[in-house]
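Next comes entry.cif, a file with mmCIF, C-alpha atoms.
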```cif
data_work
loop_
_atom_site.group_PDB
_atom_site.id
_atom_site.type_symbol
_atom_site.label_atom_id
_atom_site.label_comp_id
_atom_site.auth_asym_id
_atom_site.auth_seq_id
_atom_site.Cartn_x
_atom_site.Cartn_y
_atom_site.Cartn_z
ATOM 1 C CA ASP A 300 0.000 0.000 0.000
ATOM 2 C CA THR A 301 1.811 3.040 -1.262
ATOM 3 C CA GLY A 302 -0.416 5.846 -0.065
ATOM 4 C CA VAL A 303 -3.734 7.543 -0.555
ATOM 5 C CA SER A 304 -5.143 7.090 -4.056
ATOM 6 C CA GLN A 305 -7.628 9.382 -5.710
ATOM 7 C CA ASP A 306 -9.503 8.853 -8.938
ATOM 8 C CA PRO A 307 -9.892 10.450 -11.376
ATOM 9 C CA ARG A 308 -6.964 12.846 -11.257
ATOM 10 C CA HIS A 309 -8.685 15.209 -13.644
ATOM 11 C CA LYS A 310 -12.335 15.642 -14.519
ATOM 12 C CA ILE A 311 -13.824 18.086 -16.994
ATOM 13 C CA THR A 312 -17.585 18.334 -16.989
ATOM 14 C CA LYS A 313 -20.355 20.596 -18.149
ATOM 15 C CA ARG A 314 -22.389 22.661 -15.774
ATOM 16 C CA GLY A 315 -25.337 20.734 -14.405
ATOM 17 C CA GLN A 316 -23.720 17.310 -14.614
ATOM 18 C CA ASN A 317 -23.036 15.107 -11.611
ATOM 19 C CA VAL A 318 -19.497 14.038 -10.751
ATOM 20 C CA THR A 319 -18.113 11.495 -8.315
ATOM 21 C CA PHE A 320 -14.607 11.252 -6.906
ATOM 22 C CA ARG A 321 -13.169 8.188 -5.240
ATOM 23 C CA CYS A 322 -10.569 7.985 -2.491
ATOM 24 C CA ASP A 323 -8.757 4.870 -1.351
ATOM 25 C CA PRO A 324 -6.988 5.580 1.948
ATOM 26 C CA ILE A 325 -4.046 3.750 3.432
ATOM 27 C CA SER A 326 -5.537 0.471 4.580
ATOM 28 C CA GLU A 327 -4.698 0.813 8.281
ATOM 29 C CA HIS A 328 -6.123 4.335 8.487
ATOM 30 C CA ASN A 329 -9.590 4.545 9.941
ATOM 31 C CA ARG A 330 -10.065 8.294 9.593
ATOM 32 C CA LEU A 331 -10.680 9.804 6.175
ATOM 33 C CA TYR A 332 -10.986 13.487 5.327
ATOM 34 C CA TRP A 333 -12.151 15.444 2.292
ATOM 35 C CA TYR A 334 -10.879 18.932 1.517
ATOM 36 C CA ARG A 335 -11.403 21.344 -1.346
ATOM 37 C CA GLN A 336 -8.687 23.656 -2.568
ATOM 38 C CA THR A 337 -9.085 26.575 -4.948
ATOM 39 C CA LEU A 338 -6.235 28.454 -6.587
ATOM 40 C CA GLY A 339 -4.122 30.403 -4.131
ATOM 41 C CA GLN A 340 -5.993 29.163 -1.072
ATOM 42 C CA GLY A 341 -5.249 26.555 1.521
ATOM 43 C CA PRO A 342 -7.239 23.327 1.628
ATOM 44 C CA GLU A 343 -10.767 23.883 2.938
ATOM 45 C CA PHE A 344 -12.186 21.163 5.160
ATOM 46 C CA LEU A 345 -15.414 19.546 3.931
ATOM 47 C CA THR A 346 -16.117 16.389 5.918
ATOM 48 C CA TYR A 347 -14.522 13.433 7.655
ATOM 49 C CA PHE A 348 -15.211 9.812 8.566
ATOM 50 C CA GLN A 349 -14.258 7.561 11.424
ATOM 51 C CA ASN A 350 -14.555 4.134 9.791
ATOM 52 C CA GLU A 351 -17.953 4.270 8.057
ATOM 53 C CA ALA A 352 -19.397 6.960 10.332
ATOM 54 C CA GLN A 353 -19.486 10.490 8.976
ATOM 55 C CA LEU A 354 -18.651 12.515 12.070
ATOM 56 C CA GLU A 355 -18.754 15.988 10.597
ATOM 57 C CA LYS A 356 -20.563 17.158 7.501
ATOM 58 C CA SER A 357 -21.724 20.636 8.331
ATOM 59 C CA ARG A 358 -18.824 22.056 6.315
ATOM 60 C CA LEU A 359 -20.014 20.505 3.083
ATOM 61 C CA LEU A 360 -20.562 23.479 0.819
ATOM 62 C CA SER A 361 -24.186 22.833 -0.068
ATOM 63 C CA ASP A 362 -26.716 20.040 -0.278
ATOM 64 C CA ARG A 363 -25.336 19.271 -3.720
ATOM 65 C CA PHE A 364 -22.277 17.793 -2.008
ATOM 66 C CA SER A 365 -22.399 14.397 -0.355
ATOM 67 C CA ALA A 366 -19.852 11.858 0.780
ATOM 68 C CA GLU A 367 -20.006 8.205 1.701
ATOM 69 C CA ARG A 368 -17.729 5.561 3.111
ATOM 70 C CA PRO A 369 -20.029 2.551 3.124
ATOM 71 C CA LYS A 370 -17.651 -0.161 4.321
ATOM 72 C CA GLY A 371 -15.166 1.959 6.167
ATOM 73 C CA SER A 372 -12.588 1.572 3.414
ATOM 74 C CA PHE A 373 -12.809 3.712 0.267
ATOM 75 C CA SER A 374 -14.886 6.872 0.135
ATOM 76 C CA THR A 375 -16.715 8.777 -2.566
ATOM 77 C CA LEU A 376 -17.486 12.466 -2.840
ATOM 78 C CA GLU A 377 -20.356 13.354 -5.146
ATOM 79 C CA ILE A 378 -21.274 16.760 -6.474
ATOM 80 C CA GLN A 379 -24.666 17.016 -8.074
ATOM 81 C CA ARG A 380 -25.699 19.654 -10.617
ATOM 82 C CA THR A 381 -22.197 21.066 -10.828
ATOM 83 C CA GLU A 382 -21.630 24.792 -11.096
ATOM 84 C CA GLN A 383 -18.622 26.674 -12.406
ATOM 85 C CA GLY A 384 -17.788 27.675 -8.851
ATOM 86 C CA ASP A 385 -17.227 24.018 -8.009
ATOM 87 C CA SER A 386 -14.052 24.022 -10.108
ATOM 88 C CA ALA A 387 -11.282 23.169 -7.677
ATOM 89 C CA MET A 388 -8.926 20.471 -6.479
ATOM 90 C CA TYR A 389 -10.616 17.918 -4.228
ATOM 91 C CA LEU A 390 -8.201 16.369 -1.769
ATOM 92 C CA CYS A 391 -8.586 13.257 0.318
ATOM 93 C CA ALA A 392 -6.500 12.471 3.376
ATOM 94 C CA SER A 393 -6.359 9.708 5.945
ATOM 95 C CA ARG A 394 -4.640 9.013 9.272
ATOM 96 C CA PHE A 395 -4.023 6.385 11.907
ATOM 97 C CA PRO A 396 -6.243 6.282 14.995
ATOM 98 C CA THR A 397 -3.292 7.288 17.158
ATOM 99 C CA GLN A 398 -3.113 9.099 20.439
ATOM 100 C CA GLY A 399 -0.539 11.674 21.351
ATOM 101 C CA SER A 400 2.226 12.368 18.913
ATOM 102 C CA GLY A 401 1.093 11.755 15.371
ATOM 103 C CA ALA A 402 -2.491 12.710 16.114
ATOM 104 C CA ASN A 403 -2.576 15.356 13.418
ATOM 105 C CA VAL A 404 -0.478 13.636 10.782
ATOM 106 C CA LEU A 405 -2.602 13.347 7.696
ATOM 107 C CA THR A 406 -1.479 11.596 4.547
ATOM 108 C CA PHE A 407 -2.933 13.288 1.503
ATOM 109 C CA GLY A 408 -3.637 11.970 -1.939
ATOM 110 C CA ALA A 409 -2.616 13.845 -5.077
ATOM 111 C CA GLY A 410 -6.117 15.209 -5.493
ATOM 112 C CA SER A 411 -8.805 15.216 -8.148
ATOM 113 C CA ARG A 412 -8.963 18.380 -10.190
ATOM 114 C CA LEU A 413 -12.445 19.360 -11.341
ATOM 115 C CA THR A 414 -13.120 21.801 -14.152
ATOM 116 C CA VAL A 415 -16.718 22.775 -14.749
ATOM 117 C CA LEU A 416 -17.367 24.397 -18.130
ATOM 118 C CA LEU B 64 -10.049 25.614 16.785
ATOM 119 C CA ALA B 65 -7.055 27.926 17.012
ATOM 120 C CA LYS B 66 -6.435 30.213 14.093
ATOM 121 C CA THR B 67 -2.977 30.694 12.683
ATOM 122 C CA THR B 68 -1.234 33.649 11.090
ATOM 123 C CA GLN B 69 1.721 33.245 8.759
ATOM 124 C CA PRO B 70 3.492 35.525 6.305
ATOM 125 C CA ILE B 71 1.949 35.275 2.865
ATOM 126 C CA SER B 72 5.293 34.883 1.124
ATOM 127 C CA MET B 73 9.037 34.686 1.682
ATOM 128 C CA ASP B 74 12.026 34.763 -0.621
ATOM 129 C CA SER B 75 15.346 33.062 -0.033
ATOM 130 C CA TYR B 76 18.465 31.920 -1.857
ATOM 131 C CA GLU B 77 19.891 28.464 -2.160
ATOM 132 C CA GLY B 78 21.989 27.421 0.804
ATOM 133 C CA GLN B 79 20.368 29.822 3.261
ATOM 134 C CA GLU B 80 18.457 28.885 6.378
ATOM 135 C CA VAL B 81 14.789 29.825 6.235
ATOM 136 C CA ASN B 82 12.639 30.460 9.292
ATOM 137 C CA ILE B 83 8.865 30.720 8.926
ATOM 138 C CA THR B 84 6.982 31.883 11.992
ATOM 139 C CA CYS B 85 3.383 31.057 12.729
ATOM 140 C CA SER B 86 1.254 32.812 15.346
ATOM 141 C CA HIS B 87 -1.449 30.866 17.182
ATOM 142 C CA ASN B 88 -2.478 32.972 20.153
ATOM 143 C CA ASN B 89 -5.535 30.885 21.025
ATOM 144 C CA ILE B 90 -3.900 27.471 20.994
ATOM 145 C CA ALA B 91 -5.624 25.001 23.310
ATOM 146 C CA THR B 92 -3.961 22.746 25.852
ATOM 147 C CA ASN B 93 -4.389 19.593 23.759
ATOM 148 C CA ASP B 94 -3.485 21.162 20.424
ATOM 149 C CA TYR B 95 -0.446 20.026 18.476
ATOM 150 C CA ILE B 96 1.412 22.196 15.965
ATOM 151 C CA THR B 97 1.923 20.607 12.586
ATOM 152 C CA TRP B 98 3.557 21.860 9.421
ATOM 153 C CA TYR B 99 2.829 20.696 5.904
ATOM 154 C CA GLN B 100 4.516 21.399 2.574
ATOM 155 C CA GLN B 101 2.642 21.572 -0.702
ATOM 156 C CA PHE B 102 3.941 21.630 -4.255
ATOM 157 C CA PRO B 103 1.718 22.702 -7.171
ATOM 158 C CA SER B 104 -0.821 20.077 -8.234
ATOM 159 C CA GLN B 105 0.020 17.827 -5.284
ATOM 160 C CA GLY B 106 -1.552 17.202 -1.913
ATOM 161 C CA PRO B 107 0.093 18.619 1.219
ATOM 162 C CA ARG B 108 2.893 16.548 2.715
ATOM 163 C CA PHE B 109 3.647 16.294 6.434
ATOM 164 C CA ILE B 110 6.933 17.898 7.472
ATOM 165 C CA ILE B 111 7.065 18.055 11.249
ATOM 166 C CA GLN B 112 4.919 18.146 14.361
ATOM 167 C CA GLY B 113 5.479 19.284 17.907
ATOM 168 C CA TYR B 114 3.798 20.110 21.179
ATOM 169 C CA LYS B 115 6.429 22.139 22.993
ATOM 170 C CA THR B 116 10.144 23.036 22.991
ATOM 171 C CA LYS B 117 12.122 21.862 19.966
ATOM 172 C CA VAL B 118 11.611 19.040 17.523
ATOM 173 C CA THR B 119 14.059 18.085 14.802
ATOM 174 C CA ASN B 120 13.883 15.554 12.007
ATOM 175 C CA GLU B 121 15.836 14.950 8.827
ATOM 176 C CA VAL B 122 13.960 17.699 7.004
ATOM 177 C CA ALA B 123 13.379 20.555 9.426
ATOM 178 C CA SER B 124 13.322 21.837 12.982
ATOM 179 C CA LEU B 125 10.366 23.217 14.863
ATOM 180 C CA PHE B 126 10.837 25.682 17.685
ATOM 181 C CA ILE B 127 7.993 26.266 20.124
ATOM 182 C CA PRO B 128 8.351 28.748 23.004
ATOM 183 C CA ALA B 129 7.032 27.995 26.456
ATOM 184 C CA ASP B 130 3.771 29.915 25.962
ATOM 185 C CA ARG B 131 3.110 28.003 22.706
ATOM 186 C CA LYS B 132 1.515 31.080 21.144
ATOM 187 C CA SER B 133 3.819 30.865 18.170
ATOM 188 C CA SER B 134 6.111 28.420 16.438
ATOM 189 C CA THR B 135 8.943 28.636 13.949
ATOM 190 C CA LEU B 136 9.676 26.190 11.184
ATOM 191 C CA SER B 137 13.350 26.169 10.313
ATOM 192 C CA LEU B 138 14.585 24.781 7.008
ATOM 193 C CA PRO B 139 18.388 24.452 6.904
ATOM 194 C CA ARG B 140 20.255 25.184 3.686
ATOM 195 C CA VAL B 141 17.282 25.391 1.346
ATOM 196 C CA SER B 142 17.495 24.331 -2.283
ATOM 197 C CA LEU B 143 15.385 25.177 -5.316
ATOM 198 C CA SER B 144 13.274 22.087 -4.628
ATOM 199 C CA ASP B 145 12.105 23.610 -1.342
ATOM 200 C CA THR B 146 10.070 26.158 -3.282
ATOM 201 C CA ALA B 147 6.545 25.390 -2.090
ATOM 202 C CA VAL B 148 3.725 26.573 0.128
ATOM 203 C CA TYR B 149 4.135 25.820 3.822
ATOM 204 C CA TYR B 150 1.118 25.491 6.112
ATOM 205 C CA CYS B 151 1.024 25.729 9.879
ATOM 206 C CA LEU B 152 -1.864 23.954 11.585
ATOM 207 C CA VAL B 153 -2.877 23.736 15.202
ATOM 208 C CA GLY B 154 -5.468 21.325 16.441
ATOM 209 C CA ASP B 155 -6.195 18.058 18.116
ATOM 210 C CA ALA B 156 -7.433 15.549 15.582
ATOM 211 C CA ARG B 157 -7.816 12.930 18.299
ATOM 212 C CA ASN B 158 -11.158 14.447 19.235
ATOM 213 C CA TYR B 159 -14.062 12.411 18.059
ATOM 214 C CA GLY B 160 -17.166 13.826 16.568
ATOM 215 C CA GLY B 161 -18.363 17.239 15.567
ATOM 216 C CA SER B 162 -16.168 20.009 14.356
ATOM 217 C CA GLN B 163 -13.389 19.300 16.834
ATOM 218 C CA GLY B 164 -11.935 16.432 14.879
ATOM 219 C CA ASN B 165 -11.063 18.341 11.750
ATOM 220 C CA LEU B 166 -7.968 20.305 10.920
ATOM 221 C CA ILE B 167 -8.138 23.782 9.423
ATOM 222 C CA PHE B 168 -5.596 25.078 6.945
ATOM 223 C CA GLY B 169 -4.850 28.770 6.482
ATOM 224 C CA LYS B 170 -3.435 30.294 3.305
ATOM 225 C CA GLY B 171 0.096 29.225 4.089
ATOM 226 C CA THR B 172 3.440 30.816 3.291
ATOM 227 C CA LYS B 173 4.682 30.689 -0.273
ATOM 228 C CA LEU B 174 8.434 30.188 -0.136
ATOM 229 C CA SER B 175 10.427 31.008 -3.247
ATOM 230 C CA VAL B 176 14.036 29.835 -3.343
ATOM 231 C CA LYS B 177 16.242 31.496 -5.925
ATOM 232 C CA PRO B 178 19.577 30.345 -7.314
#
```
Is it possible to express this structure as structure tokens?
Amino acid sequence: DTGVSQDPRHKITKRGQNVTFRCDPISEHNRLYWYRQTLGQGPEFLTYFQNEAQLEKSRLLSDRFSAERPKGSFSTLEIQRTEQGDSAMYLCASRFPTQGSGANVLTFGAGSRLTVL
Amino acid sequence: LAKTTQPISMDSYEGQEVNITCSHNNIATNDYITWYQQFPSQGPRFIIQGYKTKVTNEVASLFIPADRKSSTLSLPRVSLSDTAVYYCLVGDARNYGGSQGNLIFGKGTKLSVKP
């Protein structure tokens, strides 16, 4: 297991279409995070999972955004009825369920870049 | 969650030591300080983490004063490949549930290393 994998790396879609991104975390990691990053900004937190439980989703940008992690392994982030403002890099990260040192060490994937025309 | 303040950008030359300071006046007792590095079109990469005093690894050093209201990332003898954005985060991702378990990124510091 070489790291966090995200697919697709690039997605170009037309406004109004639905898109889905997949994240495969490091297998031993039980926490999984989704972030969005626009040009010149830091990653913006969207949601996170502890195994299959979605513990925080209030930061999802609108009801068009949803995320799942049905078996506590891979996760998907779906954007319905995409808008041009959704164009961004969508990052996934995961971490060990550690205590103490290492608690905030996230391993990020390379991201999925979305372009909405 | 504590907010952080960093310089927007810094310039340096190859071979110099670079120090990037981050202010986090409202850091909580259980918060750790973590620094990430990000290259264009890549996800952030963990550099170093600390709670207090000094931490050193093969890449960088992290200096944290006793009051923990700031921290300084030190990169020794930078090279062109150190050109990146550096993010300082404070938080305690051990917390379960709600908004306490997430980690918030600021805008980071864009470091440019010149020949």
Check: Taking the file as shown, what set of residues would the PyMOL selection byres ((chain B) within 12 of (chain A)) give back, as a ChimeraX atom specification?
Finding: /B:71-72,93-115,118,147-173
Residues within 8 Å of (-8.7, 5.8, 1.4), file coordinates, counting all atoms listed in the file: what are they? Give the list as a JSON list (two decimals) with C-alpha atoms, keeping the file's coordinate frame.
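The resulting file, selection.json, is reproduced below:
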```json
[["chain", "number", "residue", "atom", "x", "y", "z"],
["A", 303, "VAL", "CA", -3.73, 7.54, -0.56],
["A", 304, "SER", "CA", -5.14, 7.09, -4.06],
["A", 322, "CYS", "CA", -10.57, 7.98, -2.49],
["A", 323, "ASP", "CA", -8.76, 4.87, -1.35],
["A", 324, "PRO", "CA", -6.99, 5.58, 1.95],
["A", 325, "ILE", "CA", -4.05, 3.75, 3.43],
["A", 326, "SER", "CA", -5.54, 0.47, 4.58],
["A", 328, "HIS", "CA", -6.12, 4.34, 8.49],
["A", 331, "LEU", "CA", -10.68, 9.80, 6.18],
["A", 372, "SER", "CA", -12.59, 1.57, 3.41],
["A", 373, "PHE", "CA", -12.81, 3.71, 0.27],
["A", 374, "SER", "CA", -14.89, 6.87, 0.14],
["A", 391, "CYS", "CA", -8.59, 13.26, 0.32],
["A", 392, "ALA", "CA", -6.50, 12.47, 3.38],
["A", 393, "SER", "CA", -6.36, 9.71, 5.94]]
```
Listed atoms of stretch 112-125 of chain B boxed axis-aligned with 4 Å per side, centre + edges as AutoDock Vina command-line options:
```
--center_x 9.8 --center_y 19.1 --center_z 15.0 --size_x 20.0 --size_y 16.3 --size_z 24.0
```
Next item on the list: Name the residues that the PyMOL selection byres ((chain A and resi 381) around 10) pulls out of this structure, and write them as a PyMOL selection string.
Entry: chain A and resi 312-318+363-364+377-380+382-386+413-416
Note to self: Quick check on the file I pasted: which residues fall under the PyMOL selection byres ((chain B and resi 146) around 6)? Write them as an NGL selection string.
What the structure shows: :B and (143-145 or 147 or 174-176)
Next item on the list: Provide the atom CA of B:Ile90 to atom CA of B:Ser133 distance in Å, to one decimal place.
Entry: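 So the answer is 8.9 Å.
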Next item on the list: Work out how far atom CA of B:Cys85 is from atom CA of B:Pro70, in Å to one decimal.
Entry: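 According to the coordinates, atom CA of B:Pro70 and atom CA of B:Cys85 are separated by 7.8 Å.
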Next item on the list: Quick one: pull the distance between atom CA of B:Ile83 and atom CA of B:Pro128, Å, one decimal.
Entry: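 Going from atom CA of B:Ile83 over to atom CA of B:Pro128, I get 14.2 Å.
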Next item on the list: Determine the nearest neighbour of B:Thr92 from the options B:Gln79, B:Arg131, B:Gln69, B:Leu125, counting only C-alpha atoms.
Entry: B:Arg131
